[in-house]
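Chemist: Sharing a structure below in structure tokens format, with a few things to ask.
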Amino acid sequence: MGFLDGLTGVARIGLGLAAVGRPAYINLGREADLPADRSVDAMRDRAHELLDRAYAAGVRYFDVARSYGRSEEFLASWLPGHDDALVGSKWGYTYTANWQLRAEAHEVKDHSAATFDRQLAETRALLGNRLGLYQIHSVTPDSPALTDKALHRRLAGQGAVVGLSTSGPRQADAIRAALGIEVDGEPLFRSVQATWNLLEPSAGPALAEAHASGRAVIVKEAMANGRLAARDAEALAAALHQPWATVVLSGAATAAQLASNLGAAGLGPSSVRPVEAETAELYWATRAALPWG
């Protein structure tokens, strides 16, 4: 069974480690979610606790990235004995905060072939053949990764399923551009990971097109980086009820958050109270202004 077949057969909630792979992130309420001690050991312990709880609850898809601090390392040390866990990671951002809460830049974006080669080697050194999905991180319509044919051939030959994640107010344009890219007559991107939530649903039609064309669709930031935290189960349920969604990621930082997130699977569509969506431009400008903490 291939990775994508496995992905479509697992529990529809996955766990992402963006919030616990590094000491600082942009989720609201983070100062109350994590211990004062944000040492590597403390964050590894928190990540492993969440991984254990998620796995025991049936979660089988786990999401990390090169820029999520030590998330790949934390996941790699947990994977032995969890042979049916499915792993996706991302390249294209380099973590630059050196494990500090305050930094001039926490991550730097570069979608060049040189960055891909370097980060693929780093990811493989940690995850080896457990890497099932390798995604370009936060593609926007102006990304050179959409037009670099030499990079496309590198991606096609690296061994894992090729995917991309998107961000910004023009996610739909990036997704549609990616769907048209082929290498040797075969679609390059077989998976799309995008932000979709009750405040920012603009990528929905493009994600429906991706799903209809046979791609897996992974939803990230369903709780809008904590802006919908007071209604977390509803927010995740809203994403789960989109007919094009393959997996919806929980970004829980605490056991209580994870338990609440997993409760979304039991909520019907009528449980989701309406929320007035923002324009994509307003949503992404607000997100960009959120503090790292």
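We name chains A, B, ... following the order of the structure tokens; residues begin at 1 in each chain, and ligands are numbered from 1 as shown.
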With a distance cut-off of 9 Å and only C-alpha atoms, select the neighbouring residues of Gln242 of chain A, excluding the residue or stretch itself and same-chain residues fewer than 5 positions from it, and output the selection as a list in words.

Modeler: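 So the residues in contact are Gly204, Ala208 and Ala237 of chain A.
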
Chemist: For segment 132-246 of chain A versus segment 104-111 of chain A, which residues have an atom no more than 12 Å away, and what is each residue's nearest atom pair and distance in Å rounded to one decimal, using only C-alpha atoms, chain-then-number order, as CSV?

Modeler:
residue,atom,partner,partner_atom,distance
A:Gln135,CA,A:His111,CA,11.1
A:Ile136,CA,A:His111,CA,7.6
A:His137,CA,A:His111,CA,8.3
A:Ser138,CA,A:Lys109,CA,8.7
A:Val139,CA,A:His111,CA,8.5
A:Thr140,CA,A:His111,CA,10.6
A:Asp142,CA,A:His111,CA,10.7
A:Ser143,CA,A:His111,CA,7.1
A:Pro144,CA,A:His111,CA,6.6
A:Ala145,CA,A:His111,CA,5.9
A:Leu146,CA,A:His111,CA,9.5
A:Thr147,CA,A:His111,CA,10.9
A:Asp148,CA,A:His111,CA,9.6
A:Leu151,CA,A:His111,CA,9.2
A:His152,CA,A:His111,CA,11.4
A:Leu155,CA,A:His111,CA,11.8
A:Leu164,CA,A:His111,CA,11.4

Chemist: Excluding same-chain residues fewer than 5 positions from Gly185 of chain A, what lies within 12 Å of it counting only C-alpha atoms, as a PyMOL selection string?

Modeler: chain A and resi 153+156+180

Chemist: Within 8 Å of Gly132 of chain A, counting only C-alpha atoms, which residues show up once you throw out same-chain ones fewer than 3 positions away? Write them as a ChimeraX atom specification, please.

Modeler: /A:3,86-88,129,160-161

Chemist: I need the residue nearest Asn98 of chain A from this list: A:Ala18, A:Leu267, A:Ala24, A:Ala238. Use only C-alpha atoms for the distance.

Modeler: A:Ala24
